[in-house]
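Trainee: Next comes my_file23.txt, compact mmCIF, C-alpha atoms and all ligand atoms:
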# COMPACT_ATOMS: atom_id res chain seq x y z
CA MET K 717 56.84 9.04 -29.87
CA VAL K 718 56.15 5.34 -30.27
CA ASN K 719 53.38 4.58 -32.70
CA ILE K 720 51.41 1.94 -30.75
CA LYS K 721 49.63 0.70 -33.85
CA SER K 722 52.82 -0.23 -35.63
CA MET K 723 54.70 -1.49 -32.58
CA ILE K 724 55.85 -5.05 -33.00
CA ILE K 725 54.46 -7.54 -30.45
CA THR K 726 55.76 -11.11 -30.43
CA ARG K 727 55.12 -14.03 -28.15
CA PHE K 728 56.54 -17.37 -27.05
CA ALA K 729 53.75 -19.86 -26.42
CA PRO K 730 55.03 -23.14 -24.99
CA SER K 731 52.85 -26.03 -23.83
CA PRO K 732 53.95 -27.15 -20.36
CA THR K 733 54.16 -30.85 -21.15
CA GLY K 734 57.79 -31.22 -20.08
CA HIS K 735 60.91 -29.18 -19.42
CA LEU K 736 62.20 -26.69 -21.98
CA HIS K 737 65.07 -27.91 -24.14
CA LEU K 738 67.51 -26.17 -26.47
CA GLY K 739 64.92 -26.10 -29.28
CA HIS K 740 62.56 -24.12 -27.03
CA ALA K 741 65.37 -21.79 -25.98
CA TYR K 742 66.00 -21.06 -29.66
CA SER K 743 62.32 -20.43 -30.35
CA ALA K 744 61.91 -18.22 -27.27
CA LEU K 745 65.03 -16.17 -28.11
CA PHE K 746 63.87 -15.88 -31.72
CA ALA K 747 60.63 -14.19 -30.62
CA TYR K 748 62.34 -12.16 -27.90
CA GLU K 749 65.11 -10.80 -30.12
CA ALA K 750 62.66 -10.03 -32.94
CA ALA K 751 60.71 -7.78 -30.57
CA LYS K 752 63.80 -6.25 -29.01
CA ARG K 753 65.42 -5.46 -32.37
CA GLU K 754 62.45 -3.33 -33.34
CA GLY K 755 61.78 -1.81 -29.91
CA GLY K 756 58.60 -3.84 -29.48
CA LYS K 757 57.03 -6.02 -26.81
CA PHE K 758 57.54 -9.69 -26.03
CA LEU K 759 54.79 -11.73 -24.35
CA LEU K 760 54.73 -15.15 -22.75
CA ARG K 761 51.70 -17.39 -23.07
CA ILE K 762 51.28 -20.79 -21.46
CA GLU K 763 49.28 -23.07 -23.77
CA ASP K 764 47.95 -25.41 -21.12
CA ILE K 765 44.51 -26.39 -22.39
CA ASP K 766 45.24 -30.11 -22.28
CA PRO K 767 44.62 -31.16 -18.67
CA VAL K 768 46.19 -34.59 -19.17
CA ARG K 769 49.45 -33.62 -20.89
CA CYS K 770 50.08 -30.25 -19.23
CA LYS K 771 51.33 -29.91 -15.64
CA PRO K 772 51.38 -26.69 -13.57
CA GLU K 773 54.85 -27.55 -12.26
CA PHE K 774 56.22 -27.55 -15.81
CA ALA K 775 54.65 -24.11 -16.33
CA ASP K 776 56.34 -22.79 -13.16
CA ASP K 777 59.65 -24.35 -14.17
CA LEU K 778 59.60 -22.95 -17.68
CA ILE K 779 58.94 -19.46 -16.38
CA GLU K 780 61.94 -19.84 -14.13
CA ASP K 781 64.10 -21.23 -16.94
CA LEU K 782 63.23 -18.37 -19.28
CA GLY K 783 64.01 -15.83 -16.56
CA TRP K 784 67.36 -17.54 -15.98
CA LEU K 785 68.06 -17.34 -19.71
CA GLY K 786 67.65 -13.57 -19.44
CA LEU K 787 64.30 -13.09 -21.15
CA ILE K 788 61.98 -10.32 -19.94
CA TRP K 789 58.31 -10.33 -20.88
CA GLU K 790 55.30 -8.14 -20.34
CA GLN K 791 52.99 -9.04 -17.45
CA PRO K 792 50.68 -10.80 -16.97
CA VAL K 793 51.57 -14.18 -18.42
CA ARG K 794 48.46 -15.51 -20.14
CA ARG K 795 47.58 -19.05 -19.10
CA GLN K 796 45.05 -20.46 -21.53
CA SER K 797 43.42 -22.72 -18.94
CA GLN K 798 42.24 -19.55 -17.15
CA HIS K 799 40.54 -18.13 -20.24
CA LEU K 800 38.31 -20.95 -21.44
CA ALA K 801 35.32 -18.56 -21.57
CA ASP K 802 37.06 -16.61 -24.36
CA TYR K 803 37.30 -19.75 -26.48
CA THR K 804 33.71 -20.74 -25.70
CA ASP K 805 32.58 -17.30 -26.94
CA ALA K 806 34.63 -17.65 -30.12
CA ALA K 807 33.18 -21.11 -30.78
CA ALA K 808 29.66 -19.75 -30.20
CA LYS K 809 30.24 -17.15 -32.95
CA LEU K 810 31.29 -19.89 -35.35
CA ARG K 811 28.19 -21.93 -34.43
CA GLU K 812 26.03 -18.89 -35.19
CA LYS K 813 27.64 -18.71 -38.62
CA GLY K 814 26.76 -22.38 -39.15
CA VAL K 815 30.34 -23.52 -39.74
CA LEU K 816 30.70 -25.84 -36.71
CA TYR K 817 29.09 -29.25 -36.48
CA PRO K 818 29.17 -31.95 -33.81
CA CYS K 819 31.09 -35.12 -34.60
CA PHE K 820 30.35 -38.30 -32.69
CA CYS K 821 32.98 -40.51 -34.34
CA THR K 822 35.53 -42.21 -32.12
CA ARG K 823 39.23 -41.94 -32.95
CA LYS K 824 39.12 -45.52 -34.31
CA GLU K 825 36.17 -44.67 -36.54
CA VAL K 826 37.89 -41.53 -37.82
CA GLU K 827 40.94 -43.62 -38.76
CA ALA K 828 38.87 -46.36 -40.44
CA GLU K 829 36.75 -43.82 -42.36
CA ALA K 830 39.87 -41.98 -43.56
CA ALA K 831 41.42 -45.25 -44.75
CA ALA K 832 38.19 -46.21 -46.55
CA ALA K 833 38.10 -42.78 -48.24
CA GLY K 834 41.71 -43.33 -49.38
CA HIS K 835 43.04 -40.24 -47.54
CA ALA K 836 46.77 -40.09 -46.96
CA PRO K 837 47.58 -38.62 -43.52
CA HIS K 838 48.32 -34.89 -43.51
CA GLU K 839 51.94 -33.96 -42.73
CA THR K 840 50.96 -31.70 -39.82
CA GLU K 841 47.54 -32.80 -38.74
CA GLY K 842 47.70 -36.59 -39.12
CA VAL K 843 44.51 -38.36 -40.11
CA ILE K 844 42.13 -36.33 -42.28
CA TYR K 845 38.51 -36.60 -41.27
CA ALA K 846 36.30 -38.08 -43.99
CA GLY K 847 33.38 -35.83 -43.04
CA THR K 848 31.01 -38.56 -41.85
CA CYS K 849 29.07 -36.39 -39.36
CA ARG K 850 28.98 -33.32 -41.62
CA ASN K 851 25.77 -34.30 -43.32
CA LEU K 852 23.72 -35.53 -40.38
CA SER K 853 20.21 -34.10 -40.25
CA SER K 854 19.37 -31.98 -37.24
CA ALA K 855 17.10 -34.79 -35.97
CA GLN K 856 20.01 -37.23 -36.18
CA ARG K 857 22.26 -34.72 -34.43
CA ASP K 858 19.77 -34.26 -31.59
CA GLU K 859 19.40 -37.99 -31.17
CA LEU K 860 23.15 -38.62 -31.13
CA MET K 861 23.70 -35.72 -28.74
CA ALA K 862 21.09 -37.16 -26.36
CA GLN K 863 22.85 -40.52 -26.55
CA HIS K 864 26.49 -39.34 -26.27
CA LYS K 865 25.91 -36.17 -24.16
CA THR K 866 29.02 -34.65 -25.73
CA ALA K 867 30.79 -34.29 -29.09
CA ASN K 868 33.87 -32.94 -30.81
CA TRP K 869 32.90 -29.85 -32.80
CA ARG K 870 34.47 -29.65 -36.23
CA LEU K 871 34.92 -26.76 -38.62
CA ASP K 872 33.13 -27.25 -41.94
CA VAL K 873 36.13 -25.99 -43.89
CA GLU K 874 34.57 -25.95 -47.37
CA LYS K 875 31.53 -24.06 -46.12
CA ALA K 876 33.72 -21.60 -44.24
CA LEU K 877 35.94 -21.02 -47.29
CA ALA K 878 32.88 -20.43 -49.44
CA MET K 879 32.03 -17.57 -47.03
CA THR K 880 35.50 -16.03 -46.91
CA GLY K 881 36.81 -16.62 -50.43
CA ALA K 882 40.53 -17.17 -51.14
CA LEU K 883 42.82 -16.23 -48.25
CA PHE K 884 46.47 -15.34 -48.01
CA TRP K 885 49.01 -14.70 -45.29
CA HIS K 886 52.62 -13.50 -45.22
CA ASP K 887 55.69 -15.32 -44.00
CA ARG K 888 58.86 -13.26 -43.49
CA THR K 889 61.03 -15.80 -45.28
CA LYS K 890 58.64 -17.43 -47.76
CA GLY K 891 56.56 -14.39 -48.74
CA LYS K 892 52.89 -14.46 -49.74
CA ILE K 893 51.22 -17.81 -49.05
CA GLU K 894 47.80 -18.91 -50.19
CA ALA K 895 45.97 -20.62 -47.32
CA LYS K 896 44.75 -24.12 -48.14
CA PRO K 897 42.98 -25.16 -44.94
CA GLN K 898 40.93 -27.67 -46.94
CA ASP K 899 44.06 -29.89 -47.01
CA PHE K 900 43.52 -30.58 -43.31
CA GLY K 901 39.90 -31.67 -43.62
CA ASP K 902 37.38 -30.58 -41.00
CA VAL K 903 39.58 -30.00 -37.96
CA VAL K 904 38.26 -30.24 -34.38
CA LEU K 905 37.90 -26.78 -32.83
CA VAL K 906 36.07 -27.74 -29.65
CA ARG K 907 37.13 -30.99 -28.05
CA LYS K 908 34.92 -33.32 -26.06
CA ASP K 909 37.10 -32.93 -22.99
CA VAL K 910 38.15 -29.25 -23.34
CA PRO K 911 35.99 -26.42 -24.74
CA THR K 912 38.65 -25.49 -27.33
CA SER K 913 41.59 -26.84 -29.33
CA TYR K 914 45.08 -25.62 -30.24
CA HIS K 915 43.87 -23.99 -33.47
CA LEU K 916 41.01 -22.08 -31.87
CA SER K 917 42.79 -20.87 -28.76
CA VAL K 918 46.00 -19.83 -30.52
CA THR K 919 44.01 -17.74 -33.01
CA VAL K 920 41.85 -16.12 -30.34
CA ASP K 921 44.86 -15.34 -28.15
CA ASP K 922 47.05 -13.93 -30.90
CA HIS K 923 44.14 -11.58 -31.58
CA LEU K 924 43.35 -10.71 -27.94
CA GLN K 925 47.01 -10.12 -27.18
CA SER K 926 47.41 -7.95 -30.32
CA ILE K 927 50.30 -10.05 -31.60
CA THR K 928 51.70 -8.44 -34.76
CA LEU K 929 54.39 -11.03 -35.53
CA VAL K 930 53.91 -14.74 -34.82
CA THR K 931 57.25 -16.55 -34.71
CA ARG K 932 57.31 -20.32 -34.30
CA GLY K 933 58.87 -23.49 -35.68
CA GLU K 934 58.34 -24.46 -39.29
CA ASP K 935 56.54 -27.63 -38.17
CA LEU K 936 53.54 -25.30 -37.67
CA PHE K 937 53.86 -23.59 -41.06
CA ARG K 938 50.78 -25.21 -42.60
CA ALA K 939 48.70 -24.86 -39.42
CA THR K 940 48.74 -21.13 -40.19
CA ASP K 941 46.32 -21.85 -43.07
CA ILE K 942 43.69 -22.87 -40.52
CA HIS K 943 44.45 -19.90 -38.30
CA ARG K 944 44.06 -17.59 -41.30
CA LEU K 945 40.62 -19.04 -42.00
CA LEU K 946 39.57 -18.57 -38.36
CA GLN K 947 40.82 -14.98 -38.45
CA ALA K 948 38.71 -14.29 -41.53
CA LEU K 949 35.61 -15.86 -39.97
CA HIS K 950 36.02 -13.78 -36.83
CA GLY K 951 37.06 -10.57 -38.57
CA TYR K 952 40.43 -10.52 -36.78
CA GLU K 953 43.50 -8.81 -38.23
CA THR K 954 46.15 -11.17 -39.57
CA PRO K 955 49.59 -10.88 -37.98
CA ASP K 956 52.80 -11.29 -39.92
CA TYR K 957 54.47 -14.72 -39.57
CA HIS K 958 58.03 -15.95 -39.35
CA HIS K 959 58.43 -19.74 -39.20
CA HIS K 960 61.96 -20.63 -38.19
CA PRO K 961 63.86 -23.87 -38.90
CA LEU K 962 63.78 -26.44 -36.11
CA LEU K 963 66.98 -26.88 -34.21
CA LYS K 964 68.56 -30.33 -34.66
CA ASP K 965 70.96 -32.28 -32.47
CA GLY K 966 74.38 -33.59 -33.62
CA GLN K 967 72.66 -36.54 -35.34
CA GLY K 968 70.27 -34.31 -37.27
CA ARG K 969 67.27 -35.17 -35.07
CA ARG K 970 64.81 -32.66 -33.67
CA PHE K 971 65.17 -32.06 -29.96
CA ALA K 972 62.39 -33.69 -27.96
CA LYS K 973 61.18 -33.18 -24.42
CA ARG K 974 62.20 -36.74 -23.58
CA ASP K 975 65.89 -35.91 -24.26
CA LYS K 976 66.71 -35.02 -20.68
CA SER K 977 70.32 -34.06 -21.43
CA VAL K 978 69.33 -30.99 -23.47
CA THR K 979 66.79 -29.50 -21.08
CA LEU K 980 67.78 -26.09 -19.75
CA ARG K 981 67.45 -27.51 -16.23
CA SER K 982 69.98 -30.25 -16.75
CA LEU K 983 72.37 -27.98 -18.63
CA ARG K 984 72.19 -25.55 -15.70
CA THR K 985 73.08 -28.27 -13.23
CA THR K 986 76.15 -29.13 -15.29
CA GLY K 987 77.32 -25.53 -14.85
CA LYS K 988 76.27 -24.02 -18.20
CA THR K 989 75.54 -20.28 -18.18
CA PRO K 990 72.90 -18.43 -20.22
CA GLU K 991 75.77 -17.24 -22.46
CA ASP K 992 76.83 -20.86 -23.02
CA ILE K 993 73.27 -21.74 -24.05
CA ARG K 994 73.18 -18.87 -26.56
CA LYS K 995 76.48 -20.07 -28.02
CA MET K 996 75.23 -23.67 -28.26
CA ILE K 997 72.27 -22.57 -30.36
CA ASP K 998 74.08 -19.86 -32.32
CA PHE K 999 72.14 -16.98 -30.85
N1 LIG G 1001 52.02 -24.33 -27.95
C1 LIG G 1001 52.64 -24.69 -29.20
C2 LIG G 1001 53.80 -25.61 -28.96
O1 LIG G 1001 54.32 -25.64 -27.86
C3 LIG G 1001 53.17 -23.50 -29.98
C4 LIG G 1001 52.07 -22.75 -30.60
C5 LIG G 1001 52.46 -21.55 -31.44
O2 LIG G 1001 53.55 -20.98 -31.28
O3 LIG G 1001 51.62 -21.18 -32.22
O4 LIG G 1001 54.18 -26.31 -29.88
Hey, can you dump this file as structure tokens for me?
Ligand code: GLU
Mentor:
Amino acid sequence: MVNIKSMIITRFAPSPTGHLHLGHAYSALFAYEAAKREGGKFLLRIEDIDPVRCKPEFADDLIEDLGWLGLIWEQPVRRQSQHLADYTDAAAKLREKGVLYPCFCTRKEVEAEAAAAGHAPHETEGVIYAGTCRNLSSAQRDELMAQHKTANWRLDVEKALAMTGALFWHDRTKGKIEAKPQDFGDVVLVRKDVPTSYHLSVTVDDHLQSITLVTRGEDLFRATDIHRLLQALHGYETPDYHHHPLLKDGQGRRFAKRDKSVTLRSLRTTGKTPEDIRKMIDF
């Protein structure tokens, strides 16, 4: 009998901002094969919270491309844009704990404040927020909220860490990792334009979908530190992680969505088969 509790569940979670390329095919197969090898389940999640960058036609096309490649996933496909209430609930819990605060700084101000504070940009997250709005009084917050009507809500990382204590997570190749979410500064968890952010929704969904092994590119290795902190604040279980190397082209560059020649669509039109694609990416 299958022990449900220990069954491996992986997922591929693309953002539909363009057509899938060979790098995505590698990442999708990585998650799919990891589940298959251990008799587990493979899920597909569409990370489409950004209404400007994501397009429904790219979501439809990527589902078709993955089917063509031979992947089979559990139904239903979770589309994040249809679950915004889940992220709003999760943010409300963090507000109750007092670890979210509204930030009224513009992008330009955030950049200028970071430069003035002498912060070097973070490798994954870019500019590190100097914390300007962290110490506003509640009267100042009310006044600014009345003026601006909306805000980005940031995680007070130091305060959150003081509640959780030191945190660790496990990567299948690198072993035990101590989470250092403070290196990112106070990240935005609820955006002005969308009631969530990548970090919040990915953590909520990995929990709601009972993911036991998160596989993804090593460009997101450090982002896991933030996800670990959010898991601890919410009392979620922590999945295992496996960050894989990013596939490079012949010139040693990462594949990008703008490289039309390596999209699965264009390779299909030149007569490539799913077996050819697997060979091209050593799978
Ligand atoms: N949606 C993210 C991306 O396309 C991947 C997120 C993840 O796997 O955690 O880069």
Trainee: Around ligand LIG 1001 (chain G), at most 10 Å away and counting all atoms listed in the file, which residues are there? Put them as a PyMOL selection string, please.
Mentor: chain K and resi 727-733+736+740+743-744+747+761-765+914-915+917-919+921-922+930-937+939-940+943+959
Trainee: Selection from above, C-alpha atoms, as a PDB file, keeping the file's coordinate frame, can you write it?
Mentor:
ATOM      1  CA  ARG K 727      55.120 -14.030 -28.150  1.00  0.00           C
ATOM      2  CA  PHE K 728      56.540 -17.370 -27.050  1.00  0.00           C
ATOM      3  CA  ALA K 729      53.750 -19.860 -26.420  1.00  0.00           C
ATOM      4  CA  PRO K 730      55.030 -23.140 -24.990  1.00  0.00           C
ATOM      5  CA  SER K 731      52.850 -26.030 -23.830  1.00  0.00           C
ATOM      6  CA  PRO K 732      53.950 -27.150 -20.360  1.00  0.00           C
ATOM      7  CA  THR K 733      54.160 -30.850 -21.150  1.00  0.00           C
ATOM      8  CA  LEU K 736      62.200 -26.690 -21.980  1.00  0.00           C
ATOM      9  CA  HIS K 740      62.560 -24.120 -27.030  1.00  0.00           C
ATOM     10  CA  SER K 743      62.320 -20.430 -30.350  1.00  0.00           C
ATOM     11  CA  ALA K 744      61.910 -18.220 -27.270  1.00  0.00           C
ATOM     12  CA  ALA K 747      60.630 -14.190 -30.620  1.00  0.00           C
ATOM     13  CA  ARG K 761      51.700 -17.390 -23.070  1.00  0.00           C
ATOM     14  CA  ILE K 762      51.280 -20.790 -21.460  1.00  0.00           C
ATOM     15  CA  GLU K 763      49.280 -23.070 -23.770  1.00  0.00           C
ATOM     16  CA  ASP K 764      47.950 -25.410 -21.120  1.00  0.00           C
ATOM     17  CA  ILE K 765      44.510 -26.390 -22.390  1.00  0.00           C
ATOM     18  CA  TYR K 914      45.080 -25.620 -30.240  1.00  0.00           C
ATOM     19  CA  HIS K 915      43.870 -23.990 -33.470  1.00  0.00           C
ATOM     20  CA  SER K 917      42.790 -20.870 -28.760  1.00  0.00           C
ATOM     21  CA  VAL K 918      46.000 -19.830 -30.520  1.00  0.00           C
ATOM     22  CA  THR K 919      44.010 -17.740 -33.010  1.00  0.00           C
ATOM     23  CA  ASP K 921      44.860 -15.340 -28.150  1.00  0.00           C
ATOM     24  CA  ASP K 922      47.050 -13.930 -30.900  1.00  0.00           C
ATOM     25  CA  VAL K 930      53.910 -14.740 -34.820  1.00  0.00           C
ATOM     26  CA  THR K 931      57.250 -16.550 -34.710  1.00  0.00           C
ATOM     27  CA  ARG K 932      57.310 -20.320 -34.300  1.00  0.00           C
ATOM     28  CA  GLY K 933      58.870 -23.490 -35.680  1.00  0.00           C
ATOM     29  CA  GLU K 934      58.340 -24.460 -39.290  1.00  0.00           C
ATOM     30  CA  ASP K 935      56.540 -27.630 -38.170  1.00  0.00           C
ATOM     31  CA  LEU K 936      53.540 -25.300 -37.670  1.00  0.00           C
ATOM     32  CA  PHE K 937      53.860 -23.590 -41.060  1.00  0.00           C
ATOM     33  CA  ALA K 939      48.700 -24.860 -39.420  1.00  0.00           C
ATOM     34  CA  THR K 940      48.740 -21.130 -40.190  1.00  0.00           C
ATOM     35  CA  HIS K 943      44.450 -19.900 -38.300  1.00  0.00           C
ATOM     36  CA  HIS K 959      58.430 -19.740 -39.200  1.00  0.00           C
TER      37      HIS K 959
END
Trainee: Residues within 7 Å of Arg907 (chain K), please, as number ranges by chain. Count only C-alpha atoms; anything in the same chain fewer than 6 positions from it doesn't count.
Mentor: K: 868-869, 913
Trainee: Enumerate, in order of chain and increasing residue number, the residues of region 838-889 of chain K with an atom no farther than 10 Å from region 802-817 of chain K, each with its shortest atom pair and distance in Å to one decimal, counting all atoms listed in the file, as CSV.
Mentor:
residue,atom,partner,partner_atom,distance
K:Cys849,CA,K:Tyr817,CA,7.7
K:Arg850,CA,K:Tyr817,CA,6.6
K:Asn851,CA,K:Tyr817,CA,9.1
K:Leu852,CA,K:Tyr817,CA,9.1
K:Arg857,CA,K:Tyr817,CA,9.0
K:Ala867,CA,K:Tyr817,CA,9.1
K:Asn868,CA,K:Tyr817,CA,8.3
K:Trp869,CA,K:Tyr817,CA,5.3
K:Arg870,CA,K:Leu816,CA,5.4
K:Leu871,CA,K:Leu816,CA,4.7
K:Asp872,CA,K:Val815,CA,5.2
K:Val873,CA,K:Val815,CA,7.5
K:Glu874,CA,K:Val815,CA,9.1
K:Lys875,CA,K:Val815,CA,6.5
K:Ala876,CA,K:Val815,CA,5.9
K:Leu877,CA,K:Val815,CA,9.7
K:Met879,CA,K:Lys813,CA,9.6
Trainee: So that I have them on file, write out the residues from the current selection with C-alpha atoms, as a short mmCIF file (atom, residue, chain, number, x, y, z; two decimals), in the frame of the given file.
Mentor:
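And here's result-v6.cif as it stands now:
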data_model
loop_
_atom_site.label_atom_id
_atom_site.label_comp_id
_atom_site.auth_asym_id
_atom_site.auth_seq_id
_atom_site.Cartn_x
_atom_site.Cartn_y
_atom_site.Cartn_z
CA CYS K 849 29.07 -36.39 -39.36
CA ARG K 850 28.98 -33.32 -41.62
CA ASN K 851 25.77 -34.30 -43.32
CA LEU K 852 23.72 -35.53 -40.38
CA ARG K 857 22.26 -34.72 -34.43
CA ALA K 867 30.79 -34.29 -29.09
CA ASN K 868 33.87 -32.94 -30.81
CA TRP K 869 32.90 -29.85 -32.80
CA ARG K 870 34.47 -29.65 -36.23
CA LEU K 871 34.92 -26.76 -38.62
CA ASP K 872 33.13 -27.25 -41.94
CA VAL K 873 36.13 -25.99 -43.89
CA GLU K 874 34.57 -25.95 -47.37
CA LYS K 875 31.53 -24.06 -46.12
CA ALA K 876 33.72 -21.60 -44.24
CA LEU K 877 35.94 -21.02 -47.29
CA MET K 879 32.03 -17.57 -47.03
#
Trainee: If you measure from CA of Gly881 (chain K) to CA of Tyr952 (chain K), what distance in Å do you get, rounded to one decimal?
Mentor: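 CA of Tyr952 (chain K) lies at a distance of 15.4 Å from CA of Gly881 (chain K).
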Trainee: From the list K:Leu949, K:Ala878, K:Leu800, K:Ile788, which residue is nearest Pro911 (chain K) when using only C-alpha atoms?
Mentor: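 Of K:Leu949, K:Ala878, K:Leu800, K:Ile788, the one nearest Pro911 (chain K), counting only C-alpha atoms, is K:Leu800.
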Trainee: So which one's closest to Val904 (chain K), K:Arg981, K:Cys819, K:Ala882, K:His958? Using all atoms listed in the file, please.
Mentor: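 Nearest to Val904 (chain K): K:Cys819.
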Trainee: Report, in Å with one decimal, the straight-line distance from CA of Ala830 (chain K) to CA of Val843 (chain K).
Mentor: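 About the pair CA of Ala830 (chain K) and CA of Val843 (chain K): they are 6.8 Å apart.
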Trainee: Between CA of Glu894 (chain K) and CA of Ser722 (chain K), what distance in Å does the model show, to one decimal?
Mentor: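 Distance reported for this atom pair: 24.2 Å.
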Trainee: For Gly739 (chain K), list every protein, DNA or RNA residue within 8 Å, evaluated using only C-alpha atoms, and leave out those in the same chain fewer than 4 positions away; present the list as a ChimeraX atom specification.
Mentor: /K:743,962-964,970-971
Trainee: Next, the residues of the selection above should be written as a PDB file, keeping the file's coordinate frame with C-alpha atoms.
Mentor:
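Done, and the output landed in part29.pdb:
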ATOM      1  CA  SER K 743      62.320 -20.430 -30.350  1.00  0.00           C
ATOM      2  CA  LEU K 962      63.780 -26.440 -36.110  1.00  0.00           C
ATOM      3  CA  LEU K 963      66.980 -26.880 -34.210  1.00  0.00           C
ATOM      4  CA  LYS K 964      68.560 -30.330 -34.660  1.00  0.00           C
ATOM      5  CA  ARG K 970      64.810 -32.660 -33.670  1.00  0.00           C
ATOM      6  CA  PHE K 971      65.170 -32.060 -29.960  1.00  0.00           C
TER       7      PHE K 971
END
Trainee: I need the residue nearest Ala836 (chain K) from this list: K:Pro818, K:Phe999, K:Leu782, K:Gly901. Use only C-alpha atoms for the distance.
Mentor: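 Nearest candidate to Ala836 (chain K) out of K:Pro818, K:Phe999, K:Leu782, K:Gly901: K:Gly901.
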Trainee: Could you list, as a count of residues only, every residue within 10 Å of Asp899 (chain K), counting all atoms listed in the file and ignoring same-chain residues fewer than 2 positions away?
Mentor: 13
Trainee: For Glu790 (chain K), list every protein, DNA or RNA residue within 12 Å, evaluated using all atoms listed in the file, and leave out those in the same chain fewer than 3 positions away; present the list as a compact mmCIF listing (two decimals) with C-alpha atoms, in the coordinates of the input.
Mentor:
# COMPACT_ATOMS: atom_id res chain seq x y z
CA ILE K 725 54.46 -7.54 -30.45
CA THR K 726 55.76 -11.11 -30.43
CA ARG K 727 55.12 -14.03 -28.15
CA PHE K 728 56.54 -17.37 -27.05
CA TYR K 748 62.34 -12.16 -27.90
CA ALA K 751 60.71 -7.78 -30.57
CA GLY K 756 58.60 -3.84 -29.48
CA LYS K 757 57.03 -6.02 -26.81
CA PHE K 758 57.54 -9.69 -26.03
CA LEU K 759 54.79 -11.73 -24.35
CA LEU K 760 54.73 -15.15 -22.75
CA ARG K 761 51.70 -17.39 -23.07
CA LEU K 787 64.30 -13.09 -21.15
CA VAL K 793 51.57 -14.18 -18.42
CA ARG K 794 48.46 -15.51 -20.14
CA GLN K 925 47.01 -10.12 -27.18
Trainee: Between K:Ala828, K:Leu929, K:Ala741, K:Ala862, which has the minimum distance to Trp784 (chain K) (counting all atoms listed in the file)?
Mentor: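 Between K:Ala828, K:Leu929, K:Ala741, K:Ala862, the residue approaching Trp784 (chain K) most closely is K:Ala741.
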Trainee: Can you tell me which residues surround region 993-998 of chain K at a distance of at most 8 Å, considering all atoms listed in the file, apart from same-chain residues fewer than 3 positions away, and format the answer as a PDB file with C-alpha atoms, in the frame of the given file?
Mentor:
ATOM      1  CA  LEU K 738      67.510 -26.170 -26.470  1.00  0.00           C
ATOM      2  CA  TYR K 742      66.000 -21.060 -29.660  1.00  0.00           C
ATOM      3  CA  LEU K 963      66.980 -26.880 -34.210  1.00  0.00           C
ATOM      4  CA  LYS K 988      76.270 -24.020 -18.200  1.00  0.00           C
ATOM      5  CA  THR K 989      75.540 -20.280 -18.180  1.00  0.00           C
ATOM      6  CA  PRO K 990      72.900 -18.430 -20.220  1.00  0.00           C
TER       7      PRO K 990
END
Trainee: Identify which of the residues K:Gln898, K:Thr880, K:Gln796, K:Thr889 lies closest to Gly847 (chain K), counting only C-alpha atoms when measuring atom-to-atom distances.
Mentor: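 Ranking K:Gln898, K:Thr880, K:Gln796, K:Thr889 by distance to Gly847 (chain K), first place goes to K:Gln898.
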Trainee: Using all atoms listed in the file, find the one residue out of K:Lys908, K:Arg753, K:Lys973, K:Arg888 that sits nearest to Cys821 (chain K).
Mentor: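 The shortest atom-to-atom distance to Cys821 (chain K) comes from K:Lys908.
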